[in-house]
>>> print(open('protein.pdb').read())   # PDB, C-alpha atoms, pLDDT in the B column
ATOM      1  CA  MET A   1      21.371  75.479 110.558  1.00 70.00           C
ATOM      2  CA  LEU A   2      24.612  76.155 108.701  1.00 76.00           C
ATOM      3  CA  ASN A   3      25.577  72.486 108.872  1.00 78.00           C
ATOM      4  CA  VAL A   4      22.171  71.505 107.510  1.00 78.00           C
ATOM      5  CA  ILE A   5      22.630  73.870 104.568  1.00 82.00           C
ATOM      6  CA  LYS A   6      26.098  72.444 103.885  1.00 83.00           C
ATOM      7  CA  LYS A   7      24.643  68.932 103.837  1.00 82.00           C
ATOM      8  CA  GLN A   8      21.943  70.086 101.448  1.00 83.00           C
ATOM      9  CA  PHE A   9      24.603  71.496  99.129  1.00 85.00           C
ATOM     10  CA  LYS A  10      26.371  68.126  99.176  1.00 85.00           C
ATOM     11  CA  LEU A  11      23.149  66.256  98.461  1.00 83.00           C
ATOM     12  CA  ARG A  12      22.428  68.503  95.484  1.00 87.00           C
ATOM     13  CA  LYS A  13      26.009  68.564  94.218  1.00 87.00           C
ATOM     14  CA  GLU A  14      25.190  66.728  90.992  1.00 88.00           C
ATOM     15  CA  GLU A  15      22.322  69.106  90.263  1.00 88.00           C
ATOM     16  CA  ILE A  16      24.583  72.121  90.812  1.00 89.00           C
ATOM     17  CA  VAL A  17      27.331  70.685  88.608  1.00 91.00           C
ATOM     18  CA  LEU A  18      24.781  69.936  85.890  1.00 91.00           C
ATOM     19  CA  ALA A  19      23.542  73.526  86.072  1.00 91.00           C
ATOM     20  CA  GLY A  20      27.081  74.795  85.578  1.00 91.00           C
ATOM     21  CA  ILE A  21      27.649  72.523  82.587  1.00 93.00           C
ATOM     22  CA  ILE A  22      24.359  73.527  80.971  1.00 93.00           C
ATOM     23  CA  GLU A  23      25.097  77.214  81.466  1.00 92.00           C
ATOM     24  CA  CYS A  24      28.543  76.963  79.885  1.00 93.00           C
ATOM     25  CA  VAL A  25      27.421  74.783  76.973  1.00 95.00           C
ATOM     26  CA  THR A  26      24.381  76.907  76.112  1.00 94.00           C
ATOM     27  CA  PHE A  27      26.490  80.062  76.364  1.00 93.00           C
ATOM     28  CA  ILE A  28      28.873  78.713  73.735  1.00 93.00           C
ATOM     29  CA  LEU A  29      25.964  77.419  71.650  1.00 94.00           C
ATOM     30  CA  GLY A  30      24.313  80.838  71.635  1.00 90.00           C
ATOM     31  CA  MET A  31      27.504  82.535  70.479  1.00 89.00           C
ATOM     32  CA  ILE A  32      27.944  79.950  67.716  1.00 91.00           C
ATOM     33  CA  ILE A  33      24.377  80.506  66.500  1.00 89.00           C
ATOM     34  CA  LEU A  34      24.897  84.264  66.459  1.00 84.00           C
ATOM     35  CA  ALA A  35      28.177  83.859  64.572  1.00 84.00           C
ATOM     36  CA  LEU A  36      26.421  81.717  61.952  1.00 87.00           C
ATOM     37  CA  LEU A  37      23.647  84.283  61.592  1.00 82.00           C
ATOM     38  CA  VAL A  38      26.148  87.076  61.067  1.00 79.00           C
ATOM     39  CA  ARG A  39      28.161  84.958  58.644  1.00 79.00           C
ATOM     40  CA  PHE A  40      25.366  83.665  56.417  1.00 78.00           C
ATOM     41  CA  ASP A  41      22.567  86.237  56.792  1.00 71.00           C
ATOM     42  CA  ASP A  42      23.454  89.470  55.018  1.00 69.00           C
ATOM     43  CA  THR A  43      20.418  91.233  56.478  1.00 68.00           C
ATOM     44  CA  THR A  44      21.687  90.801  60.045  1.00 68.00           C
ATOM     45  CA  ASP A  45      23.191  94.101  61.163  1.00 72.00           C
ATOM     46  CA  THR A  46      22.574  93.808  64.922  1.00 75.00           C
ATOM     47  CA  VAL A  47      24.296  91.606  67.476  1.00 78.00           C
ATOM     48  CA  PHE A  48      23.292  90.977  71.058  1.00 80.00           C
ATOM     49  CA  GLU A  49      24.260  88.657  73.908  1.00 82.00           C
ATOM     50  CA  LEU A  50      22.492  85.563  72.594  1.00 84.00           C
ATOM     51  CA  GLY A  51      24.869  83.234  74.415  1.00 88.00           C
ATOM     52  CA  SER A  52      24.144  84.838  77.775  1.00 89.00           C
ATOM     53  CA  ILE A  53      20.403  84.748  77.132  1.00 88.00           C
ATOM     54  CA  PHE A  54      20.608  81.074  76.193  1.00 90.00           C
ATOM     55  CA  ALA A  55      22.674  80.303  79.283  1.00 91.00           C
ATOM     56  CA  PHE A  56      20.396  82.267  81.594  1.00 90.00           C
ATOM     57  CA  SER A  57      17.050  80.957  80.348  1.00 90.00           C
ATOM     58  CA  SER A  58      17.959  77.329  79.654  1.00 92.00           C
ATOM     59  CA  THR A  59      19.740  76.814  82.976  1.00 92.00           C
ATOM     60  CA  LEU A  60      16.974  78.365  85.052  1.00 92.00           C
ATOM     61  CA  PHE A  61      14.362  76.357  83.157  1.00 92.00           C
ATOM     62  CA  THR A  62      16.284  73.104  83.669  1.00 91.00           C
ATOM     63  CA  ILE A  63      16.725  73.716  87.392  1.00 91.00           C
ATOM     64  CA  PHE A  64      13.052  74.679  87.641  1.00 92.00           C
ATOM     65  CA  ILE A  65      12.010  71.332  86.160  1.00 91.00           C
ATOM     66  CA  MET A  66      14.488  69.357  88.255  1.00 90.00           C
ATOM     67  CA  ILE A  67      13.325  70.947  91.501  1.00 90.00           C
ATOM     68  CA  PHE A  68       9.639  70.182  91.203  1.00 85.00           C
ATOM     69  CA  ALA A  69      10.329  66.751  89.692  1.00 86.00           C
ATOM     70  CA  THR A  70      12.613  65.632  92.536  1.00 87.00           C
ATOM     71  CA  PHE A  71      11.345  67.615  95.523  1.00 87.00           C
ATOM     72  CA  GLY A  72       9.003  64.880  96.727  1.00 82.00           C
ATOM     73  CA  VAL A  73      11.730  62.222  96.654  1.00 84.00           C
ATOM     74  CA  SER A  74      14.180  64.523  98.424  1.00 85.00           C
ATOM     75  CA  PHE A  75      11.563  65.322 101.048  1.00 83.00           C
ATOM     76  CA  ASN A  76      10.789  61.661 101.735  1.00 82.00           C
ATOM     77  CA  ASN A  77      14.467  60.720 101.937  1.00 81.00           C
ATOM     78  CA  ALA A  78      15.246  63.577 104.303  1.00 80.00           C
ATOM     79  CA  ILE A  79      12.404  62.765 106.695  1.00 81.00           C
ATOM     80  CA  CYS A  80      13.291  59.055 106.645  1.00 82.00           C
ATOM     81  CA  MET A  81      16.864  59.996 107.574  1.00 79.00           C
ATOM     82  CA  GLY A  82      15.652  61.862 110.648  1.00 78.00           C
ATOM     83  CA  ARG A  83      15.481  65.423 109.340  1.00 79.00           C
ATOM     84  CA  THR A  84      12.657  67.643 110.490  1.00 81.00           C
ATOM     85  CA  ARG A  85      10.292  69.058 107.903  1.00 83.00           C
ATOM     86  CA  LYS A  86      11.186  72.617 108.855  1.00 84.00           C
ATOM     87  CA  SER A  87      14.943  72.118 108.531  1.00 84.00           C
ATOM     88  CA  PHE A  88      14.605  70.347 105.186  1.00 86.00           C
ATOM     89  CA  VAL A  89      12.328  72.925 103.567  1.00 87.00           C
ATOM     90  CA  SER A  90      14.346  75.873 104.872  1.00 88.00           C
ATOM     91  CA  SER A  91      17.721  74.426 103.827  1.00 89.00           C
ATOM     92  CA  TYR A  92      16.350  73.316 100.450  1.00 91.00           C
ATOM     93  CA  THR A  93      15.004  76.819  99.855  1.00 91.00           C
ATOM     94  CA  VAL A  94      18.287  78.475 100.834  1.00 91.00           C
ATOM     95  CA  VAL A  95      20.285  76.224  98.508  1.00 92.00           C
ATOM     96  CA  THR A  96      17.843  76.880  95.665  1.00 92.00           C
ATOM     97  CA  LEU A  97      18.185  80.608  96.299  1.00 93.00           C
ATOM     98  CA  CYS A  98      21.991  80.394  96.214  1.00 92.00           C
ATOM     99  CA  VAL A  99      22.006  78.333  93.016  1.00 93.00           C
ATOM    100  CA  THR A 100      19.587  80.730  91.318  1.00 93.00           C
ATOM    101  CA  CYS A 101      21.658  83.769  92.276  1.00 93.00           C
ATOM    102  CA  ALA A 102      24.828  82.045  91.063  1.00 93.00           C
ATOM    103  CA  ILE A 103      23.212  81.284  87.699  1.00 92.00           C
ATOM    104  CA  ILE A 104      22.200  84.926  87.298  1.00 91.00           C
ATOM    105  CA  VAL A 105      25.633  86.247  88.301  1.00 92.00           C
ATOM    106  CA  ILE A 106      27.389  83.883  85.887  1.00 92.00           C
ATOM    107  CA  ALA A 107      25.012  84.879  83.085  1.00 89.00           C
ATOM    108  CA  PHE A 108      25.778  88.539  83.795  1.00 88.00           C
ATOM    109  CA  LEU A 109      29.522  87.831  83.641  1.00 90.00           C
ATOM    110  CA  PHE A 110      28.957  85.977  80.373  1.00 90.00           C
ATOM    111  CA  SER A 111      27.174  89.048  78.986  1.00 86.00           C
ATOM    112  CA  ILE A 112      30.222  91.179  79.807  1.00 86.00           C
ATOM    113  CA  ILE A 113      32.457  88.669  78.028  1.00 87.00           C
ATOM    114  CA  GLU A 114      30.142  88.673  75.016  1.00 86.00           C
ATOM    115  CA  LYS A 115      30.111  92.450  74.862  1.00 84.00           C
ATOM    116  CA  SER A 116      33.905  92.544  74.779  1.00 83.00           C
ATOM    117  CA  LEU A 117      34.098  89.801  72.152  1.00 86.00           C
ATOM    118  CA  TYR A 118      31.449  91.300  69.886  1.00 82.00           C
ATOM    119  CA  THR A 119      33.029  94.738  70.039  1.00 81.00           C
ATOM    120  CA  PHE A 120      36.177  93.135  68.657  1.00 82.00           C
ATOM    121  CA  LEU A 121      34.601  90.597  66.270  1.00 79.00           C
ATOM    122  CA  TYR A 122      31.758  92.688  64.832  1.00 78.00           C
ATOM    123  CA  PRO A 123      32.896  96.330  64.812  1.00 73.00           C
ATOM    124  CA  ASN A 124      30.563  97.218  61.925  1.00 74.00           C
ATOM    125  CA  HIS A 125      27.396  95.904  63.556  1.00 73.00           C
ATOM    126  CA  ILE A 126      24.878  97.599  65.811  1.00 72.00           C
ATOM    127  CA  PHE A 127      25.037  96.437  69.411  1.00 73.00           C
ATOM    128  CA  GLY A 128      21.714  95.749  71.099  1.00 68.00           C
ATOM    129  CA  TYR A 129      22.596  94.531  74.552  1.00 61.00           C
ATOM    130  CA  VAL A 130      19.441  93.074  76.058  1.00 61.00           C
ATOM    131  CA  ALA A 131      20.820  92.280  79.521  1.00 58.00           C
ATOM    132  CA  VAL A 132      22.348  95.710  80.039  1.00 53.00           C
ATOM    133  CA  ASN A 133      19.537  97.779  78.555  1.00 58.00           C
ATOM    134  CA  HIS A 134      16.345  95.968  79.525  1.00 68.00           C
ATOM    135  CA  ILE A 135      16.837  93.774  82.609  1.00 74.00           C
ATOM    136  CA  THR A 136      16.162  95.878  85.696  1.00 78.00           C
ATOM    137  CA  PRO A 137      16.862  94.972  89.344  1.00 82.00           C
ATOM    138  CA  MET A 138      13.121  94.480  89.878  1.00 84.00           C
ATOM    139  CA  ILE A 139      13.011  91.919  87.079  1.00 84.00           C
ATOM    140  CA  ILE A 140      15.981  90.091  88.594  1.00 88.00           C
ATOM    141  CA  VAL A 141      14.283  89.984  92.000  1.00 90.00           C
ATOM    142  CA  ALA A 142      11.091  88.696  90.384  1.00 90.00           C
ATOM    143  CA  VAL A 143      13.000  85.966  88.530  1.00 91.00           C
ATOM    144  CA  ILE A 144      14.749  84.871  91.727  1.00 93.00           C
ATOM    145  CA  LEU A 145      11.505  84.685  93.701  1.00 93.00           C
ATOM    146  CA  ILE A 146       9.729  82.775  90.938  1.00 92.00           C
ATOM    147  CA  GLU A 147      12.622  80.339  90.505  1.00 92.00           C
ATOM    148  CA  VAL A 148      12.775  79.642  94.244  1.00 93.00           C
ATOM    149  CA  ILE A 149       9.120  79.593  95.294  1.00 93.00           C
ATOM    150  CA  VAL A 150       7.171  78.231  92.319  1.00 93.00           C
ATOM    151  CA  PRO A 151       9.004  74.920  91.660  1.00 93.00           C
ATOM    152  CA  ILE A 152       9.082  74.070  95.372  1.00 93.00           C
ATOM    153  CA  PHE A 153       5.361  74.825  95.540  1.00 92.00           C
ATOM    154  CA  ILE A 154       4.685  72.586  92.528  1.00 91.00           C
ATOM    155  CA  GLY A 155       6.898  69.864  93.980  1.00 90.00           C
ATOM    156  CA  THR A 156       4.990  70.051  97.258  1.00 89.00           C
ATOM    157  CA  ILE A 157       1.646  69.785  95.470  1.00 90.00           C
ATOM    158  CA  LEU A 158       2.864  66.783  93.469  1.00 88.00           C
ATOM    159  CA  ALA A 159       4.241  65.097  96.584  1.00 84.00           C
ATOM    160  CA  LYS A 160       0.958  65.643  98.394  1.00 83.00           C
ATOM    161  CA  TYR A 161      -1.595  64.788  95.715  1.00 84.00           C
ATOM    162  CA  GLY A 162       0.350  62.711  93.196  1.00 81.00           C
ATOM    163  CA  MET A 163      -0.753  62.210  89.594  1.00 81.00           C
ATOM    164  CA  LYS A 164      -4.069  63.994  90.071  1.00 85.00           C
ATOM    165  CA  ALA A 165      -2.172  67.200  90.772  1.00 83.00           C
ATOM    166  CA  PHE A 166       0.181  66.487  87.880  1.00 83.00           C
ATOM    167  CA  TRP A 167      -2.607  66.295  85.315  1.00 88.00           C
ATOM    168  CA  ILE A 168      -4.286  69.418  86.680  1.00 88.00           C
ATOM    169  CA  LEU A 169      -1.012  71.354  86.525  1.00 85.00           C
ATOM    170  CA  TRP A 170      -0.337  69.969  83.057  1.00 87.00           C
ATOM    171  CA  ALA A 171      -3.765  71.154  81.887  1.00 87.00           C
ATOM    172  CA  ILE A 172      -3.117  74.626  83.318  1.00 85.00           C
ATOM    173  CA  TRP A 173       0.290  74.708  81.609  1.00 81.00           C
ATOM    174  CA  MET A 174      -1.145  73.690  78.235  1.00 83.00           C
ATOM    175  CA  PHE A 175      -3.960  76.211  78.553  1.00 78.00           C
ATOM    176  CA  GLY A 176      -1.498  79.011  79.279  1.00 75.00           C
ATOM    177  CA  CYS A 177       0.993  78.025  76.574  1.00 77.00           C
ATOM    178  CA  VAL A 178      -1.292  76.830  73.763  1.00 73.00           C
ATOM    179  CA  VAL A 179      -4.948  77.697  74.229  1.00 68.00           C
ATOM    180  CA  LEU A 180      -4.679  81.182  75.722  1.00 67.00           C
ATOM    181  CA  PRO A 181      -2.284  82.592  73.069  1.00 67.00           C
ATOM    182  CA  LYS A 182      -4.576  81.270  70.326  1.00 67.00           C
ATOM    183  CA  MET A 183      -7.590  82.860  71.999  1.00 65.00           C
ATOM    184  CA  VAL A 184      -5.808  86.204  72.267  1.00 63.00           C
ATOM    185  CA  GLY A 185      -4.609  85.984  68.658  1.00 63.00           C
ATOM    186  CA  THR A 186      -8.092  85.170  67.419  1.00 63.00           C
ATOM    187  CA  MET A 187      -9.552  87.997  69.467  1.00 59.00           C
ATOM    188  CA  ILE A 188      -7.103  90.509  67.987  1.00 59.00           C
ATOM    189  CA  ASN A 189      -7.483  89.248  64.417  1.00 59.00           C
ATOM    190  CA  ASN A 190     -11.274  89.352  64.593  1.00 59.00           C
ATOM    191  CA  GLY A 191     -11.273  92.959  65.773  1.00 56.00           C
ATOM    192  CA  TYR A 192     -12.841  92.692  69.210  1.00 51.00           C
ATOM    193  CA  GLU A 193     -13.128  96.508  69.385  1.00 55.00           C
ATOM    194  CA  HIS A 194     -15.935  96.456  66.819  1.00 54.00           C
ATOM    195  CA  ASP A 195     -17.635  93.233  67.899  1.00 54.00           C
ATOM    196  CA  ASP A 196     -21.129  94.059  69.194  1.00 57.00           C
ATOM    197  CA  SER A 197     -21.824  90.560  70.497  1.00 57.00           C
ATOM    198  CA  VAL A 198     -21.836  89.568  74.161  1.00 58.00           C
ATOM    199  CA  LEU A 199     -18.459  87.891  73.696  1.00 57.00           C
ATOM    200  CA  GLY A 200     -17.038  91.061  72.186  1.00 58.00           C
ATOM    201  CA  GLU A 201     -18.302  93.076  75.145  1.00 63.00           C
ATOM    202  CA  ILE A 202     -16.688  90.630  77.564  1.00 65.00           C
ATOM    203  CA  GLU A 203     -13.420  90.822  75.654  1.00 63.00           C
ATOM    204  CA  ARG A 204     -13.435  94.631  75.767  1.00 64.00           C
ATOM    205  CA  LYS A 205     -14.119  94.574  79.506  1.00 71.00           C
ATOM    206  CA  LEU A 206     -11.245  92.177  80.125  1.00 66.00           C
ATOM    207  CA  VAL A 207      -8.858  94.224  77.999  1.00 65.00           C
ATOM    208  CA  SER A 208      -9.941  97.365  79.833  1.00 68.00           C
ATOM    209  CA  ILE A 209      -9.454  95.787  83.264  1.00 70.00           C
ATOM    210  CA  PHE A 210      -6.070  94.221  82.585  1.00 66.00           C
ATOM    211  CA  GLY A 211      -4.870  97.194  80.567  1.00 67.00           C
ATOM    212  CA  SER A 212      -5.599  99.574  83.432  1.00 73.00           C
ATOM    213  CA  ILE A 213      -3.265  97.716  85.802  1.00 74.00           C
ATOM    214  CA  SER A 214       0.095  99.447  86.107  1.00 78.00           C
ATOM    215  CA  ILE A 215       3.447  97.673  86.153  1.00 79.00           C
ATOM    216  CA  ALA A 216       3.616  98.208  89.908  1.00 80.00           C
ATOM    217  CA  GLY A 217       0.175  96.674  90.173  1.00 83.00           C
ATOM    218  CA  TRP A 218       1.274  93.578  88.267  1.00 80.00           C
ATOM    219  CA  TYR A 219       4.287  93.260  90.555  1.00 84.00           C
ATOM    220  CA  ALA A 220       1.961  93.492  93.560  1.00 88.00           C
ATOM    221  CA  ILE A 221      -0.351  90.820  92.143  1.00 88.00           C
ATOM    222  CA  GLY A 222       2.606  88.571  91.382  1.00 88.00           C
ATOM    223  CA  GLY A 223       4.005  89.128  94.865  1.00 90.00           C
ATOM    224  CA  ALA A 224       0.680  88.210  96.438  1.00 93.00           C
ATOM    225  CA  ILE A 225       0.495  85.006  94.385  1.00 92.00           C
ATOM    226  CA  LEU A 226       4.056  84.057  95.351  1.00 92.00           C
ATOM    227  CA  LEU A 227       3.304  84.751  99.012  1.00 94.00           C
ATOM    228  CA  LEU A 228       0.234  82.527  98.800  1.00 94.00           C
ATOM    229  CA  MET A 229       2.347  79.770  97.232  1.00 92.00           C
ATOM    230  CA  LEU A 230       4.958  80.113  99.967  1.00 91.00           C
ATOM    231  CA  VAL A 231       2.401  79.929 102.762  1.00 91.00           C
ATOM    232  CA  THR A 232       0.724  76.945 101.088  1.00 90.00           C
ATOM    233  CA  THR A 233       4.065  75.164 100.763  1.00 89.00           C
ATOM    234  CA  ILE A 234       4.859  75.690 104.444  1.00 88.00           C
ATOM    235  CA  ASN A 235       1.449  74.454 105.568  1.00 88.00           C
ATOM    236  CA  LEU A 236       1.445  71.393 103.307  1.00 87.00           C
ATOM    237  CA  THR A 237       4.958  70.282 104.209  1.00 85.00           C
ATOM    238  CA  ARG A 238       4.099  70.496 107.904  1.00 82.00           C
ATOM    239  CA  LYS A 239       1.347  67.940 107.378  1.00 73.00           C
ATOM    240  CA  GLN A 240       2.912  65.941 104.563  1.00 70.00           C
ATOM    241  CA  GLY A 241       3.303  62.265 105.319  1.00 66.00           C
ATOM    242  CA  VAL A 242       6.268  60.208 104.188  1.00 63.00           C
ATOM    243  CA  LYS A 243       5.735  57.868 101.242  1.00 63.00           C
ATOM    244  CA  ILE A 244       8.070  54.898 101.304  1.00 56.00           C
TER     245      ILE A 244
END
>>> encode(input="protein.pdb", output="structure tokens")
Amino acid sequence: MLNVIKKQFKLRKEEIVLAGIIECVTFILGMIILALLVRFDDTTDTVFELGSIFAFSSTLFTIFIMIFATFGVSFNNAICMGRTRKSFVSSYTVVTLCVTCAIIVIAFLFSIIEKSLYTFLYPNHIFGYVAVNHITPMIIVAVILIEVIVPIFIGTILAKYGMKAFWILWAIWMFGCVVLPKMVGTMINNGYEHDDSVLGEIERKLVSIFGSISIAGWYAIGGAILLLMLVTTINLTRKQGVKI
């Protein structure tokens, strides 16, 4: 198994190198943007680890996209080369886990560097360190699980069902990113609390239901969804044919 994982690291070497480059470049870019804000915006009196946040989010997002976009091709190539489905999926998952953890560790080290630099460069500013003050171990675990399980699940769905799955996933993405925020904004602006219509009643019920769920409850729901995705991925890859 260890040899299989080593081979998977070699096969994904370019992806890993690209992740490192993106993380370093976006880290520097974030610090430059913050420096410009401090220099030209007199109202800015707070500094925070913008470079680390840029590095963390942009690198994870890029790897996320790359995984689900290339998983099907990697799967087909591996099976054609004589790999078993189980060994490929397990080694691919382990490598993705290692890369994700490395990205997070590097971003954390970057935040320490930023803190030291900003203490020296901006002694008269207020320090609002997001990574140190707000990112808990539970959030880190959640990010790791999402980054590992979700893109592989999407890649498996795309490899299995092709463009039909792509357009369905795209529609879900657009609904969540564009339509849903507008619906929520409209609901808040129109004062759903005082709306006596059927729609207003439905909105109040939904707000009541979702608002009553604790943070632990949301973690449990998210964990159940991720587990379902993982099980689905395993079952689909067992039956997935090779497309040449």
>>> atom_distance(input="protein.pdb", atom1="CA of Val143 in chain A", atom2="CA of Ile67 in chain A")
15.3 Å
>>> closest_residue(input="protein.pdb", among="A:Phe110, A:Phe71, A:Phe64, A:Phe27", to="Ile157 in chain A", atoms="all atoms listed in the file")
A:Phe71
>>> residues_around(input="protein.pdb", residues="Leu236 in chain A", least_positions_apart="2", cutoff="10 Å", atoms="all atoms listed in the file", output="list in words")
Phe153, Thr156, Ile157, Ala159, Lys160, Leu230, Val231, Thr232, Thr233, Ile234, Arg238, Lys239, Gln240 and Gly241 of chain A
>>> resolve_selection(input="protein.pdb", expression="the PyMOL selection byres ((chain A and resi 62) around 12)", output="NGL selection string")
:A and (15-16 or 18-23 or 26 or 54-61 or 63-69 or 100 or 103 or 147 or 151)
>>> residues_around(input="protein.pdb", residues="Tyr122 in chain A", least_positions_apart="5", cutoff="10 Å", atoms="only C-alpha atoms", output="MDAnalysis selection string")
chainID A and resid 35 38 45:47 117 127
>>> closest_atom_pairs(input="protein.pdb", of="range 76-149 of chain A", to="range 211-219 of chain A", cutoff="12 Å", atoms="only C-alpha atoms", output="CSV")
residue,atom,partner,partner_atom,distance
A:Met138,CA,A:Tyr219,CA,8.9
A:Ile139,CA,A:Tyr219,CA,9.5
A:Val141,CA,A:Tyr219,CA,10.6
A:Ala142,CA,A:Tyr219,CA,8.2
A:Val143,CA,A:Tyr219,CA,11.5
A:Leu145,CA,A:Tyr219,CA,11.6
A:Ile146,CA,A:Tyr219,CA,11.8
>>> atom_distance(input="protein.pdb", atom1="CA of Val99 in chain A", atom2="CA of Thr84 in chain A")
22.5 Å
>>> atom_distance(input="protein.pdb", atom1="CA of Lys13 in chain A", atom2="CA of Gly51 in chain A")
24.7 Å
>>> closest_residue(input="protein.pdb", among="A:Ile168, A:Val89, A:Val95, A:Ile33", to="Phe48 in chain A", atoms="only C-alpha atoms")
A:Ile33
>>> closest_residue(input="protein.pdb", among="A:Asn77, A:Thr96, A:Ser52, A:Asn235", to="Ser111 in chain A", atoms="all atoms listed in the file")
A:Ser52
>>> closest_residue(input="protein.pdb", among="A:Ile113, A:Ile221, A:Val4, A:Val73", to="Lys86 in chain A", atoms="only C-alpha atoms")
A:Val4
>>> closest_residue(input="protein.pdb", among="A:Arg85, A:Cys101, A:Ile172, A:Glu114", to="Ile28 in chain A", atoms="only C-alpha atoms")
A:Glu114
>>> closest_residue(input="protein.pdb", among="A:Val94, A:Ala224, A:Cys177, A:Ile53", to="Leu109 in chain A", atoms="all atoms listed in the file")
A:Ile53
>>> axis_aligned_box(input="protein.pdb", around="range 95-101 of chain A", padding_each_side="6 Å", output="JSON")
{"center_x": 19.9, "center_y": 80.0, "center_z": 94.9, "size_x": 16.2, "size_y": 19.5, "size_z": 19.2}
